[in-house]
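Below is the file protein_3.txt, which contains compact mmCIF, C-alpha atoms.
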```txt
# COMPACT_ATOMS: atom_id res chain seq x y z
CA MET A 250 15.66 -59.62 30.41
CA THR A 251 12.39 -61.48 30.22
CA ILE A 252 8.88 -60.16 30.21
CA SER A 253 8.37 -61.07 33.84
CA ASP A 254 11.18 -58.93 35.19
CA ALA A 255 10.75 -55.96 32.86
CA ILE A 256 8.50 -53.25 34.22
CA ILE A 257 6.09 -52.28 31.49
CA PRO A 258 3.20 -49.93 32.23
CA VAL A 259 -0.26 -51.16 31.36
CA VAL A 260 -2.61 -48.66 29.75
CA PHE A 261 -6.32 -48.21 30.18
CA THR A 262 -8.20 -48.81 26.97
CA THR A 263 -11.03 -46.55 28.00
CA LEU A 264 -10.75 -42.79 28.09
CA ASN A 265 -11.98 -40.85 31.11
CA PHE A 266 -13.14 -37.29 31.66
CA LYS A 267 -9.58 -36.12 32.28
CA ASP A 268 -8.58 -37.44 28.87
CA PHE A 269 -11.48 -35.58 27.31
CA LEU A 270 -10.46 -32.39 29.09
CA GLY A 271 -6.87 -32.92 27.99
CA ALA A 272 -8.02 -33.38 24.40
CA VAL A 273 -9.87 -30.05 24.53
CA MET A 274 -6.79 -28.30 25.92
CA VAL A 275 -4.50 -29.81 23.30
CA ARG A 276 -6.87 -28.81 20.51
CA TRP A 277 -6.82 -25.22 21.73
CA GLY A 278 -3.05 -25.34 22.06
CA ILE A 279 -3.12 -24.70 25.81
CA ASN A 280 -0.23 -26.25 27.77
CA ARG A 281 0.27 -28.76 25.02
CA ASP A 282 3.60 -29.86 26.40
CA LYS A 283 1.96 -31.09 29.57
CA TYR A 284 0.21 -33.75 27.54
CA ARG A 285 3.23 -35.48 26.08
CA VAL A 286 3.38 -39.22 26.61
CA THR A 287 6.66 -40.67 27.88
CA PRO A 288 8.23 -42.61 24.99
CA GLY A 289 8.76 -46.32 25.48
CA LEU A 290 6.88 -49.59 25.64
CA TYR A 291 3.37 -50.01 27.07
CA ALA A 292 1.01 -52.92 27.39
CA ALA A 293 -2.64 -53.03 26.37
CA GLY A 294 -4.50 -55.92 27.97
CA LYS A 295 -2.23 -58.86 28.81
CA PRO A 296 0.18 -59.17 25.90
CA GLY A 297 2.62 -62.02 25.52
CA GLN A 298 5.54 -62.88 23.28
CA GLU A 299 3.27 -63.53 20.34
CA SER A 300 1.32 -60.29 20.64
CA ASP A 301 1.33 -57.55 18.04
CA VAL A 302 3.36 -54.38 18.50
CA PHE A 303 1.61 -51.12 17.60
CA VAL A 304 3.77 -48.05 17.08
CA THR A 305 2.55 -44.51 17.74
CA ALA A 306 3.65 -40.95 18.50
CA ASN A 307 3.93 -39.39 21.95
CA TYR A 308 1.20 -36.87 21.18
CA LYS A 309 -1.64 -37.34 23.63
CA LEU A 310 -4.37 -37.57 21.02
CA SER A 311 -2.43 -40.11 18.92
CA PHE A 312 -1.72 -42.30 21.93
CA ASP A 313 -5.29 -42.02 23.21
CA ALA A 314 -6.77 -42.85 19.82
CA LEU A 315 -4.65 -45.99 19.69
CA ARG A 316 -5.25 -47.29 23.23
CA LYS A 317 -8.98 -46.59 22.98
CA ASN A 318 -9.16 -48.74 19.89
CA LEU A 319 -7.15 -51.55 21.41
CA ALA A 320 -9.88 -52.35 23.95
CA GLY A 321 -10.10 -56.13 24.11
CA VAL A 322 -6.83 -56.60 22.25
CA ASN A 323 -3.70 -57.92 23.94
CA GLY A 324 -0.87 -55.98 22.39
CA TRP A 325 2.21 -53.88 22.88
CA ILE A 326 2.31 -50.15 22.26
CA LEU A 327 5.65 -48.67 21.28
CA VAL A 328 5.61 -44.90 21.73
CA LEU A 329 8.20 -42.95 19.75
CA ASP A 330 9.55 -39.61 20.87
CA THR A 331 7.98 -37.22 18.38
CA LYS A 332 8.26 -34.18 20.67
CA GLY A 333 4.55 -34.28 21.41
CA VAL A 334 3.57 -34.03 17.75
CA ASN A 335 1.04 -36.30 16.02
CA VAL A 336 2.08 -39.15 13.74
CA TRP A 337 1.58 -37.50 10.37
CA CYS A 338 3.12 -34.12 11.16
CA ALA A 339 5.98 -35.79 13.00
CA ALA A 340 6.54 -38.14 10.07
CA GLY A 341 6.68 -35.11 7.77
CA LYS A 342 9.38 -33.64 9.96
CA GLY A 343 11.19 -36.95 10.34
CA THR A 344 10.78 -37.26 14.12
CA PHE A 345 8.38 -40.15 13.59
CA GLY A 346 11.10 -41.64 11.46
CA THR A 347 13.33 -44.56 10.65
CA LYS A 348 16.09 -43.40 12.99
CA GLU A 349 13.85 -42.90 16.03
CA LEU A 350 12.02 -46.18 15.41
CA VAL A 351 15.25 -48.16 15.08
CA SER A 352 16.73 -46.66 18.23
CA ARG A 353 13.49 -47.11 20.19
CA ILE A 354 13.29 -50.78 19.19
CA ARG A 355 16.81 -51.24 20.59
CA LEU A 356 16.20 -49.11 23.67
CA VAL A 357 13.27 -51.21 24.84
CA SER A 358 14.97 -54.47 23.71
CA LEU A 359 11.92 -55.36 21.69
CA ASP A 360 13.56 -58.52 20.38
CA LYS A 361 13.60 -59.83 23.98
CA ILE A 362 9.96 -58.92 24.58
CA VAL A 363 8.42 -60.55 21.54
CA ASN A 364 9.39 -63.65 19.63
CA HIS A 365 8.27 -62.39 16.24
CA LYS A 366 9.43 -59.65 13.88
CA ARG A 367 6.26 -57.76 13.08
CA LEU A 368 5.57 -54.10 13.76
CA ILE A 369 2.29 -52.39 12.96
CA LEU A 370 2.66 -48.72 12.12
CA PRO A 371 -0.06 -46.22 11.33
CA GLN A 372 -0.03 -45.74 7.57
CA LEU A 373 0.61 -42.02 7.87
CA GLY A 374 3.90 -42.80 9.60
CA ALA A 375 5.19 -43.89 6.19
CA THR A 376 6.09 -40.30 5.37
CA GLY A 377 8.93 -40.60 7.90
CA VAL A 378 9.69 -44.31 8.05
CA ALA A 379 11.33 -46.38 5.32
CA ALA A 380 10.09 -49.90 5.99
CA HIS A 381 12.92 -51.61 4.11
CA LYS A 382 15.56 -49.67 6.07
CA VAL A 383 13.99 -50.66 9.41
CA ARG A 384 14.16 -54.27 8.31
CA GLU A 385 17.81 -53.92 7.28
CA GLU A 386 18.77 -52.41 10.61
CA THR A 387 16.66 -54.33 13.11
CA GLY A 388 15.17 -57.31 11.33
CA PHE A 389 11.67 -56.09 12.17
CA ASN A 390 9.14 -55.98 9.35
CA VAL A 391 7.10 -52.82 9.25
CA GLN A 392 3.53 -53.38 8.30
CA TYR A 393 1.49 -50.29 7.57
CA GLY A 394 -1.90 -50.44 9.18
CA PRO A 395 -4.91 -48.25 8.54
CA VAL A 396 -4.84 -44.44 8.56
CA ARG A 397 -7.34 -44.27 11.42
CA ALA A 398 -6.90 -46.12 14.70
CA SER A 399 -10.62 -46.86 14.67
CA ASP A 400 -10.02 -49.32 11.82
CA ILE A 401 -7.40 -51.35 13.71
CA LYS A 402 -9.69 -54.15 14.81
CA LYS A 403 -11.05 -54.56 11.31
CA PHE A 404 -7.48 -54.46 9.99
CA ILE A 405 -6.56 -57.34 12.34
CA SER A 406 -9.67 -59.38 11.63
CA ASP A 407 -9.13 -58.93 7.88
CA GLY A 408 -5.81 -60.72 8.24
CA TYR A 409 -3.65 -57.61 8.67
CA ARG A 410 -4.88 -56.03 5.50
CA ALA A 411 -5.96 -52.42 5.09
CA ASP A 412 -8.52 -52.02 2.35
CA LYS A 413 -8.77 -48.99 0.10
CA GLU A 414 -11.06 -47.07 2.44
CA MET A 415 -8.80 -47.67 5.43
CA ARG A 416 -5.83 -46.35 3.49
CA ARG A 417 -7.45 -43.16 2.37
CA VAL A 418 -7.32 -39.87 4.18
CA THR A 419 -10.61 -38.02 4.23
CA PHE A 420 -11.26 -34.44 5.19
CA GLY A 421 -14.88 -34.23 6.19
CA PHE A 422 -16.74 -31.57 8.14
CA LYS A 423 -15.82 -33.12 11.52
CA ASP A 424 -12.14 -33.37 10.63
CA ARG A 425 -12.08 -29.73 9.64
CA ILE A 426 -13.97 -28.50 12.69
CA LYS A 427 -11.49 -30.16 15.03
CA LEU A 428 -8.61 -28.23 13.51
CA ILE A 429 -10.18 -24.79 13.72
CA PRO A 430 -9.38 -24.01 17.40
CA ASN A 431 -5.68 -24.60 16.90
CA ASP A 432 -5.59 -22.45 13.78
CA PHE A 433 -7.61 -19.79 15.51
CA MET A 434 -5.04 -19.67 18.32
CA TYR A 435 -2.08 -19.95 15.96
CA GLY A 436 -3.10 -16.79 14.12
CA LYS A 437 -3.84 -14.75 17.24
CA PHE A 438 -0.84 -12.46 16.73
CA TYR A 439 -1.94 -11.68 13.19
CA LEU A 440 -5.34 -10.92 14.66
CA LEU A 441 -4.06 -8.56 17.35
CA GLY A 442 -1.88 -6.72 14.84
CA ALA A 443 -4.68 -6.40 12.33
CA MET A 444 -7.07 -5.21 15.01
CA ALA A 445 -4.64 -2.56 16.26
CA ALA A 446 -4.08 -0.96 12.85
CA PRO A 447 -7.61 0.29 12.06
CA PHE A 448 -8.00 1.22 15.69
CA LEU A 449 -5.04 3.57 15.43
CA ILE A 450 -6.19 4.94 12.08
CA SER A 451 -9.66 5.51 13.48
CA GLY A 452 -8.19 7.94 15.95
CA LEU A 453 -7.09 10.16 13.09
CA SER A 454 -9.43 12.79 11.77
CA GLY A 455 -9.31 16.10 9.96
CA ASN A 456 -8.90 17.65 13.38
CA GLY A 457 -5.94 15.50 14.39
CA VAL A 458 -5.94 12.59 16.78
CA SER A 459 -9.26 12.23 18.53
CA TYR A 460 -9.93 10.05 21.54
CA ARG A 461 -13.64 10.07 20.86
CA ASP A 462 -13.01 8.52 17.47
CA PHE A 463 -10.94 5.80 19.07
CA SER A 464 -13.99 4.57 20.87
CA GLY A 465 -16.73 5.57 18.39
CA VAL A 466 -15.05 4.38 15.19
CA GLY A 467 -12.37 2.10 16.60
CA GLY A 468 -14.86 -0.31 18.17
CA PRO A 469 -16.70 -1.16 14.96
CA ALA A 470 -13.35 -1.29 13.13
CA ILE A 471 -12.03 -3.90 15.53
CA LEU A 472 -15.22 -5.90 15.21
CA ARG A 473 -14.95 -5.84 11.39
CA VAL A 474 -11.36 -7.08 11.52
CA PHE A 475 -12.33 -9.79 13.98
CA LEU A 476 -15.21 -10.93 11.75
CA ALA A 477 -12.90 -10.97 8.72
CA TYR A 478 -10.51 -13.18 10.69
CA ILE A 479 -13.36 -15.53 11.60
CA SER A 480 -14.44 -15.57 7.98
CA GLY A 481 -10.97 -16.74 6.92
CA ILE A 482 -10.10 -19.17 9.70
CA VAL A 483 -13.50 -20.51 10.79
CA ILE A 484 -16.12 -20.04 8.07
CA THR A 485 -13.89 -20.90 5.11
CA PRO A 486 -12.63 -24.19 6.63
CA MET A 487 -16.16 -25.16 7.69
CA PHE A 488 -17.62 -24.74 4.22
CA LEU A 489 -14.44 -25.54 2.33
CA PRO A 490 -15.85 -27.87 -0.34
CA TYR A 491 -18.81 -25.60 -1.05
CA ILE A 492 -16.96 -22.31 -1.53
CA PRO A 493 -15.94 -21.81 -5.16
CA GLY A 494 -12.32 -21.88 -6.26
CA ARG A 495 -9.42 -24.26 -5.65
CA HIS A 496 -7.09 -21.64 -4.26
CA PHE A 497 -7.66 -21.20 -0.53
CA SER A 498 -7.00 -17.50 -0.86
CA LEU A 499 -9.79 -17.27 -3.42
CA LYS A 500 -12.16 -19.21 -1.16
CA GLY A 501 -11.22 -16.85 1.67
CA PHE A 502 -11.83 -13.87 -0.61
CA PHE A 503 -15.33 -15.10 -1.43
CA ALA A 504 -16.14 -15.69 2.23
CA GLY A 505 -14.84 -12.21 3.04
CA ALA A 506 -16.83 -10.66 0.22
CA LEU A 507 -19.97 -12.33 1.54
CA LEU A 508 -19.23 -11.00 5.00
CA PHE A 509 -18.75 -7.52 3.53
CA ILE A 510 -22.12 -7.71 1.75
CA ILE A 511 -23.81 -8.77 4.97
CA LEU A 512 -22.20 -5.92 6.91
CA PHE A 513 -23.15 -3.51 4.12
CA LEU A 514 -26.77 -4.62 4.20
CA LEU A 515 -26.78 -4.23 7.98
CA ASN A 516 -25.46 -0.71 7.49
CA PHE A 517 -22.36 -1.63 9.45
CA ALA A 518 -19.68 -1.35 6.75
CA GLY A 519 -18.56 2.22 7.48
CA ASN A 520 -19.70 5.83 7.72
CA ASN A 521 -19.00 7.13 4.23
CA SER A 522 -18.56 5.59 0.81
CA ILE A 523 -14.75 5.75 0.89
CA GLU A 524 -14.61 4.10 4.28
CA ILE A 525 -17.07 1.44 3.12
CA LEU A 526 -14.94 0.79 0.04
CA SER A 527 -11.84 0.55 2.20
CA TRP A 528 -13.53 -2.10 4.31
CA PHE A 529 -14.24 -4.17 1.23
CA PHE A 530 -10.51 -4.32 0.54
CA LEU A 531 -9.48 -4.88 4.16
CA ILE A 532 -12.04 -7.57 4.97
CA THR A 533 -11.37 -9.59 1.82
CA ALA A 534 -7.58 -9.26 2.26
CA ILE A 535 -7.69 -10.52 5.85
CA SER A 536 -10.14 -13.31 5.12
CA SER A 537 -8.13 -14.40 2.08
CA PHE A 538 -4.83 -14.42 3.96
CA MET A 539 -6.19 -16.38 6.90
CA ALA A 540 -7.93 -18.91 4.67
CA MET A 541 -4.64 -19.41 2.84
CA ASN A 542 -3.06 -20.31 6.17
CA PHE A 543 -5.51 -23.17 6.52
CA THR A 544 -3.59 -24.99 3.75
CA GLY A 545 -1.26 -26.23 6.50
CA SER A 546 -4.10 -28.00 8.26
CA THR A 547 -5.61 -29.73 5.27
CA THR A 548 -4.89 -33.26 4.21
CA TYR A 549 -4.59 -32.63 0.50
CA THR A 550 -2.50 -29.56 -0.31
CA SER A 551 0.96 -30.07 -1.78
CA LEU A 552 4.00 -27.90 -1.23
CA SER A 553 4.24 -27.14 -4.96
CA GLY A 554 0.58 -26.15 -5.01
CA VAL A 555 0.77 -23.83 -2.02
CA LYS A 556 3.90 -22.18 -3.41
CA LYS A 557 2.11 -21.56 -6.69
CA GLU A 558 -0.95 -20.22 -4.93
CA MET A 559 1.10 -17.86 -2.76
CA LYS A 560 2.99 -16.42 -5.73
CA ILE A 561 -0.27 -15.11 -7.11
CA SER A 562 -2.23 -14.46 -3.94
CA VAL A 563 0.17 -12.80 -1.54
CA PRO A 564 0.91 -9.79 -3.79
CA ILE A 565 -2.83 -9.32 -4.33
CA GLN A 566 -3.52 -9.58 -0.59
CA ILE A 567 -0.82 -7.04 0.18
CA GLY A 568 -2.15 -4.77 -2.56
CA PHE A 569 -5.68 -5.00 -1.17
CA ALA A 570 -4.45 -4.26 2.34
CA ILE A 571 -2.50 -1.21 1.18
CA ILE A 572 -5.44 0.11 -0.86
CA GLY A 573 -7.71 -0.47 2.13
CA ILE A 574 -5.44 1.40 4.53
CA ILE A 575 -4.96 4.33 2.12
CA LEU A 576 -8.73 4.59 1.66
CA GLN A 577 -9.16 4.49 5.44
CA VAL A 578 -6.84 7.44 5.84
CA ILE A 579 -8.46 9.35 2.97
CA GLY A 580 -11.88 8.61 4.44
CA LYS A 581 -10.85 10.35 7.65
CA PHE A 582 -10.20 13.64 5.91
CA ILE A 583 -13.40 14.08 3.93
CA MET B 46 -17.55 -38.02 0.17
CA LYS B 47 -15.99 -36.64 -2.98
CA ASP B 48 -12.23 -36.22 -2.69
CA LEU B 49 -11.01 -32.69 -2.45
CA VAL B 50 -8.47 -31.78 -5.09
CA TYR B 51 -6.04 -28.89 -5.02
CA LEU B 52 -4.40 -27.07 -7.94
CA PRO B 53 -3.97 -29.13 -11.11
CA ASP B 54 -0.64 -29.85 -12.84
CA VAL B 55 1.72 -28.68 -10.12
CA VAL B 56 2.76 -31.88 -8.40
CA THR B 57 6.42 -32.98 -8.68
CA LEU B 58 5.67 -36.71 -8.38
CA SER B 59 7.27 -38.99 -10.95
CA LEU B 60 7.62 -42.75 -11.26
CA CYS B 61 10.17 -44.67 -13.31
CA GLU B 62 8.21 -47.69 -14.43
CA ASP B 63 11.32 -49.44 -15.76
CA THR B 64 12.88 -49.45 -12.30
CA CYS B 65 9.64 -50.43 -10.52
CA ASN B 66 9.64 -53.99 -9.16
CA GLY B 67 5.92 -54.08 -8.59
CA CYS B 68 6.11 -54.59 -4.83
CA GLY B 69 3.06 -52.38 -4.30
CA MET B 70 4.45 -50.52 -1.30
CA CYS B 71 3.55 -47.13 -2.83
CA ILE B 72 -0.07 -48.22 -3.03
CA LYS B 73 -0.05 -49.25 0.63
CA VAL B 74 1.36 -45.98 1.90
CA CYS B 75 -0.35 -43.44 -0.35
CA PRO B 76 -3.11 -41.59 1.54
CA HIS B 77 -4.78 -40.38 -1.66
CA ASP B 78 -4.93 -43.49 -3.76
CA VAL B 79 -2.65 -41.99 -6.42
CA PHE B 80 -1.15 -45.27 -7.68
CA GLU B 81 -2.47 -48.45 -9.16
CA LEU B 82 -0.77 -51.74 -9.86
CA SER B 83 -1.21 -53.42 -13.21
CA GLY B 84 1.01 -55.69 -15.22
CA LYS B 85 3.33 -56.06 -12.20
CA LYS B 86 4.17 -52.36 -12.36
CA ALA B 87 2.91 -49.37 -10.45
CA HIS B 88 1.36 -46.51 -12.40
CA ILE B 89 0.45 -42.98 -11.44
CA LEU B 90 -3.29 -42.82 -11.79
CA ARG B 91 -4.46 -39.66 -10.03
CA LYS B 92 -1.53 -37.30 -10.05
CA ASP B 93 -3.47 -34.16 -9.11
CA TYR B 94 -4.55 -35.80 -5.85
CA CYS B 95 -0.94 -36.17 -4.70
CA MET B 96 -0.06 -33.97 -1.74
CA GLU B 97 3.69 -34.57 -1.96
CA CYS B 98 3.93 -36.21 1.47
CA GLY B 99 6.81 -38.34 0.21
CA ALA B 100 5.72 -41.63 1.80
CA CYS B 101 5.89 -43.52 -1.51
CA ALA B 102 9.36 -42.34 -2.46
CA LEU B 103 10.72 -43.06 1.03
CA ASN B 104 9.26 -46.55 1.11
CA CYS B 105 10.14 -47.53 -2.45
CA PRO B 106 12.89 -50.15 -2.04
CA VAL B 107 14.21 -49.62 -5.59
CA LYS B 108 14.03 -45.80 -5.62
CA ALA B 109 11.69 -45.71 -8.60
CA ILE B 110 9.69 -42.77 -7.29
CA SER B 111 10.77 -39.20 -6.89
CA VAL B 112 8.84 -36.32 -5.41
CA LYS B 113 9.89 -33.04 -3.90
CA SER B 114 8.11 -33.51 -0.62
CA GLY B 115 7.40 -30.95 2.04
CA VAL B 116 4.69 -29.23 3.99
CA GLY B 117 1.87 -27.84 1.88
CA CYS B 118 1.36 -25.06 4.36
CA ALA B 119 1.34 -21.32 3.71
CA ALA B 120 2.46 -20.50 7.25
CA GLY B 121 5.30 -22.98 6.84
CA ILE B 122 6.42 -21.39 3.58
CA ILE B 123 6.35 -17.94 5.20
CA ASN B 124 8.39 -19.40 8.10
CA GLY B 125 10.87 -20.80 5.60
CA ILE B 126 11.25 -17.46 3.85
CA LEU B 127 11.73 -15.62 7.16
CA ARG B 128 14.33 -18.12 8.36
CA ASN B 129 15.86 -18.54 4.93
CA SER B 130 15.36 -22.31 5.13
CA GLU B 131 13.15 -25.04 3.71
CA PRO B 132 9.44 -24.58 4.47
CA THR B 133 8.80 -25.71 8.01
CA CYS B 134 5.78 -25.46 10.24
CA GLY B 135 7.99 -25.13 13.30
CA CYS B 136 6.18 -27.90 15.17
CA SER B 137 9.29 -29.40 16.71
CA ASP B 138 10.20 -26.50 18.93
CA SER B 139 8.07 -26.77 22.01
CA LYS B 140 6.88 -23.18 21.98
CA SER B 141 4.98 -23.46 18.74
CA ASN B 142 1.56 -25.04 18.55
CA CYS B 143 1.19 -25.67 14.85
CA CYS B 144 -0.25 -29.02 13.71
```
Full structure transcribed into structure tokens:
Amino acid sequence: MTISDAIIPVVFTTLNFKDFLGAVMVRWGINRDKYRVTPGLYAAGKPGQESDVFVTANYKLSFDALRKNLAGVNGWILVLDTKGVNVWCAAGKGTFGTKELVSRIRLVSLDKIVNHKRLILPQLGATGVAAHKVREETGFNVQYGPVRASDIKKFISDGYRADKEMRRVTFGFKDRIKLIPNDFMYGKFYLLGAMAAPFLISGLSGNGVSYRDFSGVGGPAILRVFLAYISGIVITPMFLPYIPGRHFSLKGFFAGALLFIILFLLNFAGNNSIEILSWFFLITAISSFMAMNFTGSTTYTSLSGVKKEMKISVPIQIGFAIIGIILQVIGKFI
Amino acid sequence: MKDLVYLPDVVTLSLCEDTCNGCGMCIKVCPHDVFELSGKKAHILRKDYCMECGACALNCPVKAISVKSGVGCAAGIINGILRNSEPTCGCSDSKSNCC
């Protein structure tokens, strides 16, 4: 096979409105599977035998980030089958890994397409790929490029060197904001469950189950739970570096406590002192738990750290939730 | 921007400097600038910044680095406990929409 008789799709290096729309859908976790890229070899510009080979995942946003940043570059794009998951997460799971890379190189007969032995991988792929093993098995030399595709041109012009800044993962405000929709959707079942509980309790009263209470007390209860959820999964990630504490659960607790104070000042924290107290426990427990779940989206939490955090925090969260529910029930009967 | 740092003194990363051949691969792959190279050996400089991604250990050609890597994700750990397996965020099955 030579380049001329192989059919290799050429990609656009500009993104259109459909790509933007797709990105929004993927971020919200809607029909994500529709946005998988078919694994294989693609061309950016008019690559030849000497051109660089850039490796990426078959997650739409990964692929788009790469092709967008290859505008004006003649190169090959080798898309691995990572089941529609981004490079870093897929590398963590091993799907962006040595085995897949080696078999993909063979599948597309890369050695017939290019006359060199260089592969450029995103640095974060290193969690799944052992460069020396790829060389042993295929003869191709893996070169780790920058973390962000936007640094690729600088990486090339610097003589295929990634400087310290290019190698470092950051986690700024923008990075955190982008992750919130997916986390918001991921926790939706927690949210529905947590919203149903106080709603049911609110129907209880000294006179038995009351439908009027469902609507009169249940409505505000659902709103409080929803706000606590937002406090944990939206507010805490947004202001992450500015909320005290290193434990995410503690940060979430503080955000929840602040929410409680605001509700209290607005006279919206409950009808009697026991109910108000119960909402302190419930709101902080929910906010803390949801904030703790954000650990999975960050770029700096370790498995050992999260395990340690959970050992302390989960029992406290459960305790708070139980106290809150008991106080809710007691509050109904006074 | 100042680097965010998680809990201190929990990370399982270790480096055997005697085995290290000074190739510098760990420095290239580390996303948190944990290592430095001096005297033809790598050293762990900022251990508390390590997120246990495992890239260094996997790419060390002489196996000088060890780290118990995995997902630093509370939902993943809960998943692992429920399924009685290693922590996993469940991204590979198509129904899930984590990370």
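Residue nearest His88 of chain B, chosen from B:Pro132, B:Gly121, B:Pro53, B:Gly67 and counting all atoms listed in the file: B:Gly67.
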Q: Find the residues with any atom within 12 Å of (9.2, -31.3, 4.4); use all atoms listed in the file and the coordinates as given in the file, and write the answer as number ranges by chain.
A: A: 337-344, 376-377, 545, 551-553; B: 96-100, 112-118, 121-122, 125, 130-136
Q: Could you tell me how far atom CA of Ala470 of chain A lies from atom CA of Ile523 of chain A, in Å and to one decimal?
A: 14.2 Å
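Between Ala109 of chain B and the candidates B:Cys71, B:Asn129, B:Leu82, B:Cys65, the tightest atom-to-atom separation, counting all atoms listed in the file, involves B:Cys65.
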Q. Which protein, DNA or RNA residues have an atom at most 10 Å from (-1.3, -37.4, -11.6), counting all atoms listed in the file? List them as a PyMOL selection string.
A. chain B and resi 53-59+79-80+88-95
Residues of chain A within 6 Å of chain B, counting all atoms listed in the file, as an mmCIF file with C-alpha atoms, in the frame of the given file:
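Below is the file result22.cif, written as the result:
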```
data_model
loop_
_atom_site.group_PDB
_atom_site.id
_atom_site.type_symbol
_atom_site.label_atom_id
_atom_site.label_comp_id
_atom_site.auth_asym_id
_atom_site.auth_seq_id
_atom_site.Cartn_x
_atom_site.Cartn_y
_atom_site.Cartn_z
ATOM 1 C CA GLY A 278 -3.050 -25.340 22.060
ATOM 2 C CA GLN A 372 -0.030 -45.740 7.570
ATOM 3 C CA ALA A 375 5.190 -43.890 6.190
ATOM 4 C CA THR A 376 6.090 -40.300 5.370
ATOM 5 C CA ALA A 379 11.330 -46.380 5.320
ATOM 6 C CA ALA A 380 10.090 -49.900 5.990
ATOM 7 C CA ARG A 416 -5.830 -46.350 3.490
ATOM 8 C CA ARG A 417 -7.450 -43.160 2.370
ATOM 9 C CA VAL A 418 -7.320 -39.870 4.180
ATOM 10 C CA ARG A 495 -9.420 -24.260 -5.650
ATOM 11 C CA ASN A 542 -3.060 -20.310 6.170
ATOM 12 C CA THR A 544 -3.590 -24.990 3.750
ATOM 13 C CA GLY A 545 -1.260 -26.230 6.500
ATOM 14 C CA TYR A 549 -4.590 -32.630 0.500
ATOM 15 C CA THR A 550 -2.500 -29.560 -0.310
ATOM 16 C CA SER A 551 0.960 -30.070 -1.780
ATOM 17 C CA LEU A 552 4.000 -27.900 -1.230
ATOM 18 C CA SER A 553 4.240 -27.140 -4.960
ATOM 19 C CA GLY A 554 0.580 -26.150 -5.010
ATOM 20 C CA VAL A 555 0.770 -23.830 -2.020
#
```
Q | Near-segment 427-440 of chain A list (6 Å; all atoms listed in the file; drop same-chain fewer than 4 positions) as a list in words | A |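 Near neighbours after the sequence-gap exclusion: Arg276, Trp277, Gly278 and Met444 of chain A.
If only C-alpha atoms are the atoms counted, then among A:Tyr491, A:Phe497, A:Phe389, A:Phe448 the closest residue to Phe422 of chain A is A:Tyr491.
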**Q.** Å distance separating atom CA of Met274 of chain A from atom CA of Asn335 of chain A, one decimal place
**A.**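 Answer for the atom CA of Met274 of chain A to atom CA of Asn335 of chain A separation: 14.9 Å.
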Provide an axis-aligned box for all listed atoms of segment 79-89 of chain B, padding each side by 4 Å; report its centre and its edge lengths in Å to one decimal, as JSON.
```
{"center_x": 0.8, "center_y": -49.0, "center_z": -10.8, "size_x": 14.8, "size_y": 22.1, "size_z": 16.8}
```
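Between atom CA of Pro296 of chain A and atom CA of Val259 of chain A the separation is 9.7 Å.
Comparing the minimum interatomic distances between Ile450 of chain A and each of A:Pro395, A:Gly333, A:Gly573, A:Gly408, counting all atoms listed in the file, we find that A:Gly573 sits nearest.
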